[in-house]
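One file, start21.pdb, is given below (PDB, C-alpha atoms and all ligand atoms).
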ATOM      1  CA  MET A   1      -5.123  -9.016  20.744
ATOM      2  CA  GLN A   2      -8.633  -7.597  20.378
ATOM      3  CA  LYS A   3     -11.387 -10.215  20.517
ATOM      4  CA  ILE A   4     -15.104 -10.048  19.950
ATOM      5  CA  VAL A   5     -17.988 -12.374  20.637
ATOM      6  CA  VAL A   6     -20.341 -13.171  17.738
ATOM      7  CA  GLU A   7     -23.952 -14.310  17.954
ATOM      8  CA  ASN A   8     -23.164 -18.009  18.181
ATOM      9  CA  LYS A   9     -21.047 -17.199  21.250
ATOM     10  CA  ALA A  10     -17.940 -18.419  19.505
ATOM     11  CA  GLU A  11     -14.971 -16.202  20.165
ATOM     12  CA  CYS A  12     -13.638 -14.530  17.035
ATOM     13  CA  LYS A  13     -10.422 -12.695  16.392
ATOM     14  CA  LEU A  14     -10.494  -9.530  14.319
ATOM     15  CA  ILE A  15      -8.966  -8.983  10.920
ATOM     16  CA  THR A  16      -9.505  -5.747   8.995
ATOM     17  CA  TYR A  17      -9.682  -4.497   5.414
ATOM     18  CA  SER A  18     -10.392  -1.173   3.797
ATOM     19  CA  PRO A  19     -13.342  -0.910   1.382
ATOM     20  CA  ALA A  20     -11.535   1.102  -1.260
ATOM     21  CA  PHE A  21     -11.550   2.377  -4.799
ATOM     22  CA  THR A  22      -8.436   3.385  -6.711
ATOM     23  CA  LEU A  23      -8.150   6.593  -8.721
ATOM     24  CA  VAL A  24      -5.142   6.718 -11.030
ATOM     25  CA  PRO A  25      -4.170  10.292 -11.997
ATOM     26  CA  THR A  26      -1.743   8.835 -14.546
ATOM     27  CA  TYR A  27      -0.109   5.532 -15.405
ATOM     28  CA  GLU A  28       2.899   7.309 -16.887
ATOM     29  CA  CYS A  29       6.082   6.896 -14.903
ATOM     30  CA  PHE A  30       9.630   8.018 -15.568
ATOM     31  CA  ASN A  31      10.960   5.086 -13.540
ATOM     32  CA  ARG A  32      11.180   1.693 -15.183
ATOM     33  CA  CYS A  33      11.151  -0.994 -12.499
ATOM     34  CA  SER A  34      11.500  -4.277 -14.352
ATOM     35  CA  TYR A  35       8.710  -5.978 -12.363
ATOM     36  CA  CYS A  36       6.196  -3.212 -13.076
ATOM     37  CA  ASN A  37       2.767  -4.097 -14.459
ATOM     38  CA  PHE A  38       1.387  -0.583 -14.046
ATOM     39  CA  ARG A  39       3.367   1.986 -15.975
ATOM     40  CA  THR A  40       3.166   3.505 -19.406
ATOM     41  CA  ALA A  41       5.971   5.633 -20.802
ATOM     42  CA  PRO A  42       5.945   9.414 -20.231
ATOM     43  CA  TYR A  43       3.523  11.267 -22.549
ATOM     44  CA  GLN A  44       1.805   7.988 -23.489
ATOM     45  CA  ASP A  45      -1.164   8.326 -21.166
ATOM     46  CA  LEU A  46      -4.152  10.637 -20.983
ATOM     47  CA  TRP A  47      -4.306  11.897 -17.424
ATOM     48  CA  LEU A  48      -7.455  11.534 -15.366
ATOM     49  CA  THR A  49      -9.544  14.709 -15.391
ATOM     50  CA  LEU A  50     -11.308  16.122 -12.369
ATOM     51  CA  ASP A  51     -14.649  15.878 -14.188
ATOM     52  CA  LYS A  52     -14.105  12.179 -14.821
ATOM     53  CA  ALA A  53     -12.992  11.652 -11.221
ATOM     54  CA  ARG A  54     -16.114  13.432  -9.943
ATOM     55  CA  GLU A  55     -18.275  11.190 -12.144
ATOM     56  CA  ILE A  56     -16.553   8.097 -10.727
ATOM     57  CA  LEU A  57     -16.894   9.291  -7.146
ATOM     58  CA  ILE A  58     -20.597  10.066  -7.609
ATOM     59  CA  SER A  59     -21.075   6.513  -8.893
ATOM     60  CA  LEU A  60     -19.455   5.177  -5.690
ATOM     61  CA  GLU A  61     -21.737   7.037  -3.305
ATOM     62  CA  GLY A  62     -23.806   4.756  -1.108
ATOM     63  CA  LYS A  63     -21.834   1.659  -2.127
ATOM     64  CA  GLY A  64     -19.861   1.263   1.086
ATOM     65  CA  VAL A  65     -16.562   2.592  -0.289
ATOM     66  CA  THR A  66     -14.719   4.691   2.283
ATOM     67  CA  GLU A  67     -11.107   4.907   1.068
ATOM     68  CA  ILE A  68     -10.115   6.588  -2.169
ATOM     69  CA  LEU A  69      -6.639   5.320  -2.920
ATOM     70  CA  ILE A  70      -4.870   7.822  -5.169
ATOM     71  CA  LEU A  71      -2.187   5.802  -6.884
ATOM     72  CA  SER A  72       0.043   7.304  -9.527
ATOM     73  CA  GLY A  73       3.058   6.843 -11.721
ATOM     74  CA  GLU A  74       5.723   9.514 -11.218
ATOM     75  CA  VAL A  75       6.559  12.571 -13.304
ATOM     76  CA  HIS A  76      10.234  13.510 -13.029
ATOM     77  CA  PRO A  77      10.845  16.047 -10.221
ATOM     78  CA  HIS A  78      12.581  18.363 -12.715
ATOM     79  CA  SER A  79       9.975  18.055 -15.453
ATOM     80  CA  LYS A  80       7.943  21.125 -16.436
ATOM     81  CA  ARG A  81       4.879  18.902 -15.996
ATOM     82  CA  ARG A  82       5.644  18.080 -12.370
ATOM     83  CA  ARG A  83       3.538  20.967 -11.048
ATOM     84  CA  ASP A  84       0.484  19.953 -13.133
ATOM     85  CA  TRP A  85       0.921  16.362 -11.976
ATOM     86  CA  PHE A  86       1.128  17.406  -8.356
ATOM     87  CA  ASN A  87      -1.833  19.796  -8.631
ATOM     88  CA  LEU A  88      -3.972  17.022 -10.106
ATOM     89  CA  ILE A  89      -3.120  14.715  -7.196
ATOM     90  CA  TYR A  90      -3.851  17.479  -4.710
ATOM     91  CA  ASP A  91      -7.164  18.325  -6.400
ATOM     92  CA  LEU A  92      -8.227  14.670  -6.424
ATOM     93  CA  GLY A  93      -7.623  14.436  -2.688
ATOM     94  CA  GLU A  94      -9.548  17.650  -2.087
ATOM     95  CA  LEU A  95     -12.419  16.453  -4.271
ATOM     96  CA  ALA A  96     -12.632  13.067  -2.554
ATOM     97  CA  LEU A  97     -12.616  14.736   0.877
ATOM     98  CA  SER A  98     -15.323  17.214  -0.143
ATOM     99  CA  MET A  99     -17.540  14.297  -1.180
ATOM    100  CA  GLY A 100     -17.152  12.514   2.138
ATOM    101  CA  PHE A 101     -14.523   9.940   1.167
ATOM    102  CA  PHE A 102     -11.188   9.314   2.920
ATOM    103  CA  PRO A 103      -8.282   9.876   0.535
ATOM    104  CA  HIS A 104      -4.981   8.029   0.908
ATOM    105  CA  SER A 105      -2.282   8.988  -1.599
ATOM    106  CA  ASN A 106       0.535   6.731  -2.683
ATOM    107  CA  VAL A 107       2.149   8.545  -5.592
ATOM    108  CA  GLY A 108       5.852   7.805  -5.341
ATOM    109  CA  TRP A 109       8.686  10.037  -4.249
ATOM    110  CA  LEU A 110       7.676  13.551  -3.139
ATOM    111  CA  THR A 111       9.576  16.640  -2.072
ATOM    112  CA  TYR A 112       9.155  17.718   1.547
ATOM    113  CA  GLU A 113       6.961  20.609   0.435
ATOM    114  CA  GLU A 114       4.789  18.354  -1.744
ATOM    115  CA  MET A 115       4.379  15.935   1.117
ATOM    116  CA  SER A 116       3.388  18.692   3.533
ATOM    117  CA  LEU A 117       0.796  20.043   1.073
ATOM    118  CA  LEU A 118      -0.691  16.623   0.366
ATOM    119  CA  LYS A 119      -1.051  15.963   4.061
ATOM    120  CA  VAL A 120      -3.854  18.539   4.119
ATOM    121  CA  VAL A 121      -6.015  16.609   1.647
ATOM    122  CA  ASN A 122      -5.266  13.059   2.814
ATOM    123  CA  VAL A 123      -6.145  11.187   5.971
ATOM    124  CA  SER A 124      -3.022   9.048   5.577
ATOM    125  CA  MET A 125      -0.376   8.448   2.954
ATOM    126  CA  GLY A 126       1.854   5.644   1.826
ATOM    127  CA  LEU A 127       5.042   4.622   0.068
ATOM    128  CA  MET A 128       6.595   1.168  -0.065
ATOM    129  CA  LEU A 129      10.133   1.095   1.254
ATOM    130  CA  GLU A 130      10.468  -2.026  -0.961
ATOM    131  CA  GLN A 131      14.016  -3.106  -0.075
ATOM    132  CA  LEU A 132      16.962  -1.186   1.295
ATOM    133  CA  THR A 133      19.712  -3.132  -0.369
ATOM    134  CA  PRO A 134      21.518  -1.030  -3.013
ATOM    135  CA  LYS A 135      22.137  -4.247  -5.007
ATOM    136  CA  LEU A 136      18.732  -3.818  -6.612
ATOM    137  CA  LEU A 137      19.936  -0.629  -8.287
ATOM    138  CA  ASP A 138      21.992  -2.916 -10.538
ATOM    139  CA  THR A 139      19.032  -5.170 -11.324
ATOM    140  CA  VAL A 140      15.284  -4.475 -11.037
ATOM    141  CA  HIS A 141      15.774  -0.789 -10.178
ATOM    142  CA  ARG A 142      18.524  -0.038 -12.677
ATOM    143  CA  HIS A 143      16.257   2.461 -14.449
ATOM    144  CA  ALA A 144      14.349   3.698 -11.411
ATOM    145  CA  PRO A 145      16.019   6.781  -9.889
ATOM    146  CA  THR A 146      13.461   7.224  -7.093
ATOM    147  CA  LYS A 147      14.108   3.690  -5.857
ATOM    148  CA  ILE A 148      17.447   4.751  -4.362
ATOM    149  CA  PRO A 149      17.171   3.323  -0.836
ATOM    150  CA  GLU A 150      18.232   6.540   0.932
ATOM    151  CA  LEU A 151      15.477   8.463  -0.837
ATOM    152  CA  ARG A 152      12.859   5.947   0.284
ATOM    153  CA  LEU A 153      14.052   6.083   3.866
ATOM    154  CA  GLN A 154      14.044   9.853   3.735
ATOM    155  CA  GLN A 155      10.350   9.766   2.704
ATOM    156  CA  LEU A 156       9.530   7.710   5.785
ATOM    157  CA  GLN A 157      11.449  10.141   7.923
ATOM    158  CA  TRP A 158       9.776  13.212   6.401
ATOM    159  CA  ALA A 159       6.370  11.600   6.911
ATOM    160  CA  GLY A 160       7.331  11.194  10.560
ATOM    161  CA  GLU A 161       8.452  14.805  10.899
ATOM    162  CA  LEU A 162       5.186  15.922   9.297
ATOM    163  CA  LYS A 163       3.152  13.593  11.538
ATOM    164  CA  ILE A 164       1.494  11.848   8.611
ATOM    165  CA  PRO A 165      -0.076   8.479   9.501
ATOM    166  CA  PHE A 166       1.879   6.332   7.112
ATOM    167  CA  THR A 167       1.668   2.971   5.376
ATOM    168  CA  THR A 168       4.805   1.376   4.044
ATOM    169  CA  GLY A 169       5.974  -2.105   3.223
ATOM    170  CA  VAL A 170       8.474  -4.441   1.673
ATOM    171  CA  LEU A 171       8.347  -6.054  -1.714
ATOM    172  CA  LEU A 172       9.426  -9.674  -1.394
ATOM    173  CA  GLY A 173      11.124 -11.787  -4.028
ATOM    174  CA  ILE A 174      12.619  -9.124  -6.298
ATOM    175  CA  GLY A 175      16.192 -10.344  -5.914
ATOM    176  CA  GLU A 176      16.862  -9.533  -2.264
ATOM    177  CA  LEU A 177      18.326 -12.003   0.229
ATOM    178  CA  PRO A 178      16.685 -12.997   3.536
ATOM    179  CA  GLU A 179      19.120 -10.766   5.432
ATOM    180  CA  ASP A 180      18.133  -7.822   3.212
ATOM    181  CA  ARG A 181      14.522  -8.299   4.325
ATOM    182  CA  VAL A 182      15.610  -8.218   7.944
ATOM    183  CA  ASN A 183      17.525  -4.976   7.346
ATOM    184  CA  SER A 184      14.571  -3.328   5.625
ATOM    185  CA  LEU A 185      12.172  -4.304   8.402
ATOM    186  CA  ARG A 186      14.616  -3.137  11.070
ATOM    187  CA  ALA A 187      14.930   0.244   9.343
ATOM    188  CA  ILE A 188      11.141   0.670   9.375
ATOM    189  CA  ALA A 189      11.011  -0.287  13.054
ATOM    190  CA  LEU A 190      13.756   2.202  13.886
ATOM    191  CA  ILE A 191      12.072   5.125  12.149
ATOM    192  CA  HIS A 192       8.769   4.252  13.787
ATOM    193  CA  LYS A 193      10.362   4.195  17.230
ATOM    194  CA  LYS A 194      11.386   7.805  16.682
ATOM    195  CA  TYR A 195       8.191   9.222  15.114
ATOM    196  CA  LYS A 196       5.417   6.669  15.949
ATOM    197  CA  HIS A 197       3.742   7.281  12.585
ATOM    198  CA  ILE A 198       3.905   3.927  10.758
ATOM    199  CA  GLN A 199       0.433   2.470  11.042
ATOM    200  CA  GLU A 200       0.927  -0.633   8.940
ATOM    201  CA  VAL A 201       3.551  -2.541   6.995
ATOM    202  CA  ILE A 202       2.572  -4.443   3.871
ATOM    203  CA  LEU A 203       4.352  -7.701   3.141
ATOM    204  CA  GLN A 204       3.887  -7.912  -0.617
ATOM    205  CA  PRO A 205       5.028 -11.148  -2.223
ATOM    206  CA  TYR A 206       6.195 -10.845  -5.807
ATOM    207  CA  ALA A 207       3.667 -12.465  -8.142
ATOM    208  CA  LYS A 208       4.373 -12.568 -11.834
ATOM    209  CA  GLY A 209       2.278 -10.322 -14.084
ATOM    210  CA  SER A 210       1.734 -10.282 -17.824
ATOM    211  CA  GLN A 211       3.226  -6.866 -18.634
ATOM    212  CA  GLU A 212       6.613  -6.969 -16.944
ATOM    213  CA  ASP A 213      10.208  -7.731 -17.964
ATOM    214  CA  TYR A 214      11.376  -9.304 -14.702
ATOM    215  CA  LEU A 215      12.196 -12.992 -14.991
ATOM    216  CA  GLY A 216      11.990 -13.938 -11.313
ATOM    217  CA  GLU A 217       9.934 -16.702  -9.719
ATOM    218  CA  ASN A 218       6.884 -16.036  -7.576
ATOM    219  CA  PHE A 219       7.823 -15.568  -3.923
ATOM    220  CA  SER A 220       7.351 -18.956  -2.271
ATOM    221  CA  GLN A 221       4.759 -19.615   0.424
ATOM    222  CA  LYS A 222       7.463 -21.007   2.680
ATOM    223  CA  GLU A 223       9.526 -17.828   2.436
ATOM    224  CA  MET A 224       6.419 -15.696   2.906
ATOM    225  CA  LEU A 225       5.592 -17.420   6.180
ATOM    226  CA  LYS A 226       9.172 -17.171   7.379
ATOM    227  CA  THR A 227       9.270 -13.454   6.534
ATOM    228  CA  LEU A 228       5.991 -12.890   8.333
ATOM    229  CA  GLU A 229       7.321 -14.557  11.450
ATOM    230  CA  ILE A 230      10.450 -12.405  11.351
ATOM    231  CA  ALA A 231       8.484  -9.241  10.606
ATOM    232  CA  ARG A 232       6.244  -9.800  13.628
ATOM    233  CA  GLU A 233       9.331 -10.171  15.786
ATOM    234  CA  ILE A 234      11.053  -7.065  14.432
ATOM    235  CA  LEU A 235       8.169  -4.624  14.080
ATOM    236  CA  PRO A 236       6.727  -2.911  17.165
ATOM    237  CA  ASP A 237       3.302  -4.190  18.276
ATOM    238  CA  ASP A 238       1.525  -0.976  17.317
ATOM    239  CA  ILE A 239       2.359  -1.554  13.627
ATOM    240  CA  THR A 240      -0.217  -3.759  11.917
ATOM    241  CA  ILE A 241       1.037  -6.272   9.375
ATOM    242  CA  GLN A 242      -0.920  -6.357   6.147
ATOM    243  CA  VAL A 243      -0.931  -9.161   3.564
ATOM    244  CA  PRO A 244      -2.668  -8.864   0.183
ATOM    245  CA  PRO A 245      -5.171 -11.741  -0.075
ATOM    246  CA  ASN A 246      -5.289 -11.654  -3.885
ATOM    247  CA  LEU A 247      -1.541 -12.368  -4.106
ATOM    248  CA  ILE A 248      -1.776 -15.187  -1.598
ATOM    249  CA  ASN A 249      -5.009 -16.556  -3.051
ATOM    250  CA  ASP A 250      -4.925 -19.777  -1.077
ATOM    251  CA  GLU A 251      -7.262 -20.247   1.873
ATOM    252  CA  LYS A 252      -4.911 -22.346   3.984
ATOM    253  CA  MET A 253      -2.014 -20.023   3.320
ATOM    254  CA  LEU A 254      -4.073 -16.978   4.259
ATOM    255  CA  LEU A 255      -5.068 -18.611   7.540
ATOM    256  CA  LYS A 256      -1.432 -19.443   8.279
ATOM    257  CA  CYS A 257      -0.534 -15.784   7.680
ATOM    258  CA  LEU A 258      -3.156 -14.767  10.240
ATOM    259  CA  GLU A 259      -1.848 -17.302  12.737
ATOM    260  CA  LEU A 260       1.603 -15.746  12.360
ATOM    261  CA  GLY A 261       0.379 -12.236  13.068
ATOM    262  CA  ALA A 262      -1.002 -10.634   9.900
ATOM    263  CA  ARG A 263      -4.054  -8.579  10.922
ATOM    264  CA  ASP A 264      -5.086  -6.624   7.851
ATOM    265  CA  LEU A 265      -5.917  -7.415   4.222
ATOM    266  CA  GLY A 266      -5.459  -3.900   2.862
ATOM    267  CA  GLY A 267      -7.681  -2.069   0.441
ATOM    268  CA  ILE A 268     -10.040  -4.445  -1.300
ATOM    269  CA  VAL A 269     -10.717  -2.790  -4.629
ATOM    270  CA  PRO A 270     -12.522  -3.758  -7.849
ATOM    271  CA  LYS A 271      -9.145  -3.757  -9.671
ATOM    272  CA  ASP A 272      -5.680  -4.133  -8.166
ATOM    273  CA  GLU A 273      -3.934  -1.577 -10.379
ATOM    274  CA  VAL A 274      -0.447  -2.668  -9.347
ATOM    275  CA  ASN A 275      -1.170  -6.366  -9.873
ATOM    276  CA  PRO A 276      -3.808  -6.313 -12.626
ATOM    277  CA  ASN A 277      -3.517 -10.082 -13.166
ATOM    278  CA  TYR A 278      -4.682 -10.798  -9.616
ATOM    279  CA  ASP A 279      -8.271  -9.846  -8.847
ATOM    280  CA  HIS A 280      -9.444  -9.594  -5.279
ATOM    281  CA  GLN A 281     -11.795 -12.236  -3.941
ATOM    282  CA  ASN A 282     -15.383 -11.287  -3.253
ATOM    283  CA  VAL A 283     -15.455  -9.676   0.204
ATOM    284  CA  GLU A 284     -18.568 -11.541   1.334
ATOM    285  CA  GLU A 285     -17.020 -14.902   0.384
ATOM    286  CA  LEU A 286     -13.808 -13.935   2.130
ATOM    287  CA  LYS A 287     -15.793 -12.983   5.227
ATOM    288  CA  GLU A 288     -17.514 -16.361   5.253
ATOM    289  CA  ILE A 289     -14.291 -18.327   4.850
ATOM    290  CA  LEU A 290     -12.657 -16.380   7.650
ATOM    291  CA  LEU A 291     -15.627 -16.613   9.983
ATOM    292  CA  LYS A 292     -15.703 -20.402   9.601
ATOM    293  CA  ASN A 293     -12.148 -20.362  10.853
ATOM    294  CA  GLY A 294     -12.697 -18.058  13.816
ATOM    295  CA  TRP A 295     -11.842 -14.709  12.234
ATOM    296  CA  GLN A 296     -14.173 -11.783  11.814
ATOM    297  CA  LEU A 297     -13.375  -9.536   8.845
ATOM    298  CA  LYS A 298     -14.263  -5.916   9.602
ATOM    299  CA  PRO A 299     -13.947  -2.755   7.517
ATOM    300  CA  ARG A 300     -11.596   0.004   8.652
ATOM    301  CA  LEU A 301     -10.668   3.481   7.427
ATOM    302  CA  PRO A 302      -7.354   4.159   5.633
ATOM    303  CA  VAL A 303      -6.224   5.943   8.789
ATOM    304  CA  TYR A 304      -5.907   3.771  11.877
ATOM    305  CA  PRO A 305      -7.844   4.695  15.060
ATOM    306  CA  GLN A 306      -4.736   5.668  17.025
ATOM    307  CA  TYR A 307      -4.255   8.591  14.585
ATOM    308  CA  TYR A 308      -7.832   9.895  14.471
ATOM    309  CA  ASP A 309      -7.004  12.824  16.779
ATOM    310  CA  GLN A 310      -4.108  13.759  14.549
ATOM    311  CA  THR A 311      -6.151  13.660  11.350
ATOM    312  CA  PHE A 312      -9.624  14.899  12.087
TER     313      PHE A 312
HETATM  314  S1  LIG B   1       6.749   0.161  -9.940
HETATM  315 FE1  LIG B   1       6.044   2.263  -9.557
HETATM  316  S2  LIG B   1       7.903   3.495  -9.701
HETATM  317 FE2  LIG B   1       8.361   1.534 -10.674
HETATM  318  S3  LIG B   1       7.906   1.884 -12.849
HETATM  319 FE3  LIG B   1       6.072   1.027 -11.916
HETATM  320  S4  LIG B   1       4.853   2.804 -11.402
HETATM  321 FE4  LIG B   1       6.920   3.522 -11.720
END
Spell out the structure here as structure tokens.
Amino acid sequence: MQKIVVENKAECKLITYSPAFTLVPTYECFNRCSYCNFRTAPYQDLWLTLDKAREILISLEGKGVTEILILSGEVHPHSKRRRDWFNLIYDLGELALSMGFFPHSNVGWLTYEEMSLLKVVNVSMGLMLEQLTPKLLDTVHRHAPTKIPELRLQQLQWAGELKIPFTTGVLLGIGELPEDRVNSLRAIALIHKKYKHIQEVILQPYAKGSQEDYLGENFSQKEMLKTLEIAREILPDDITIQVPPNLINDEKMLLKCLELGARDLGGIVPKDEVNPNYDHQNVEELKEILLKNGWQLKPRLPVYPQYYDQTF
């Protein structure tokens, strides 16, 4: 574990976050995951334009934002609009790069060719594995064709073949059993052992939003801590575990997560587009709380240092 010494000579442990801003090319998505608080139906959304994106990026200059998270709903792979959708995502990455930001795209299922093209305009990319159990195809993913577990695993594998520094994760509390979580985490560990490209794994507890159909309960703190303990055992040491502080939103709980091995708080953004009911805490306040408890919160890039040579 990396340690630093702060001015008061107290020894602090490091925890990281990414100062980020999210660009959403489109909220439209042909999948309909029942827990989704993000999507609009196909054709019901005006896509982001490059001019608007440029305006937003100019407004972010000098404000400490480094990561531009490009987060999108999915256009069907066979739709005539797929190419326009993909080109917009590519152009946003290129634009962000040209303005000195670090783009990280997480835009759902991609073909191998799309993934290889996007690699050029991203410093890292991401896709949640979510859960591997096919049971969810009968429940929360009944109307979500790109949530077929084999397709998700294939994305992780392609990212490895393409040497893309990759972020993935599991969604917790969407109807899976504890053993399903173990299987999902083991699958991530196995792929990483082969390609060494998974930089971080997000443990994302389900937290109820106001726009969804899913009738589940929030993932319990007890189960979250148990899962974290198991994840730290299963995942190789060079994979960082990330927990989203806005979904935990409890100081003691956050500190327990750190004690059990979480070392990153993810992108801290003005609006969590996936969980719009859960705002992030103020970073300075978070820093203070953590420092009082022996943790120093430091910014990081969306690509982890061990992949700098690969990316730059
Ligand atoms: S969770 Fe993602 S894939 Fe599922 S409907 Fe929402 S935007 Fe689409």
Would you write out, as JSON, numbers by chain, every residue that the PyMOL selection byres (((not hetatm)) within 10 of (chain B and resi 1)) captures in this file? {"A": [26, 27, 28, 29, 30, 31, 32, 33, 34, 35, 36, 37, 38, 39, 40, 41, 71, 72, 73, 74, 75, 106, 107, 108, 109, 127, 128, 130, 140, 141, 143, 144, 145, 146, 147, 212, 273, 274]}
Interatomic distance between atom CA of Gln199 of chain A and atom CA of Thr167 of chain A? 5.8 Å
Residue among A:Ala207, A:Leu235, A:Leu88, A:Ile230 lying closest to Pro276 of chain A, counting all atoms listed in the file: A:Ala207
I'd like the residues picked by the PyMOL selection byres (((chain A and resi 160-162) around 8) and not hetatm) written out as a ChimeraX atom specification, using the chain letters and numbers from the file. /A:116,156-159,163-165,191-192,195-197
Taking (-14.2, -16.7, 9.2) in the file's coordinates, which residues come within 12 Å, counting only C-alpha atoms, written as a PyMOL selection string? chain A and resi 6+10-16+251+254-255+258+283-298
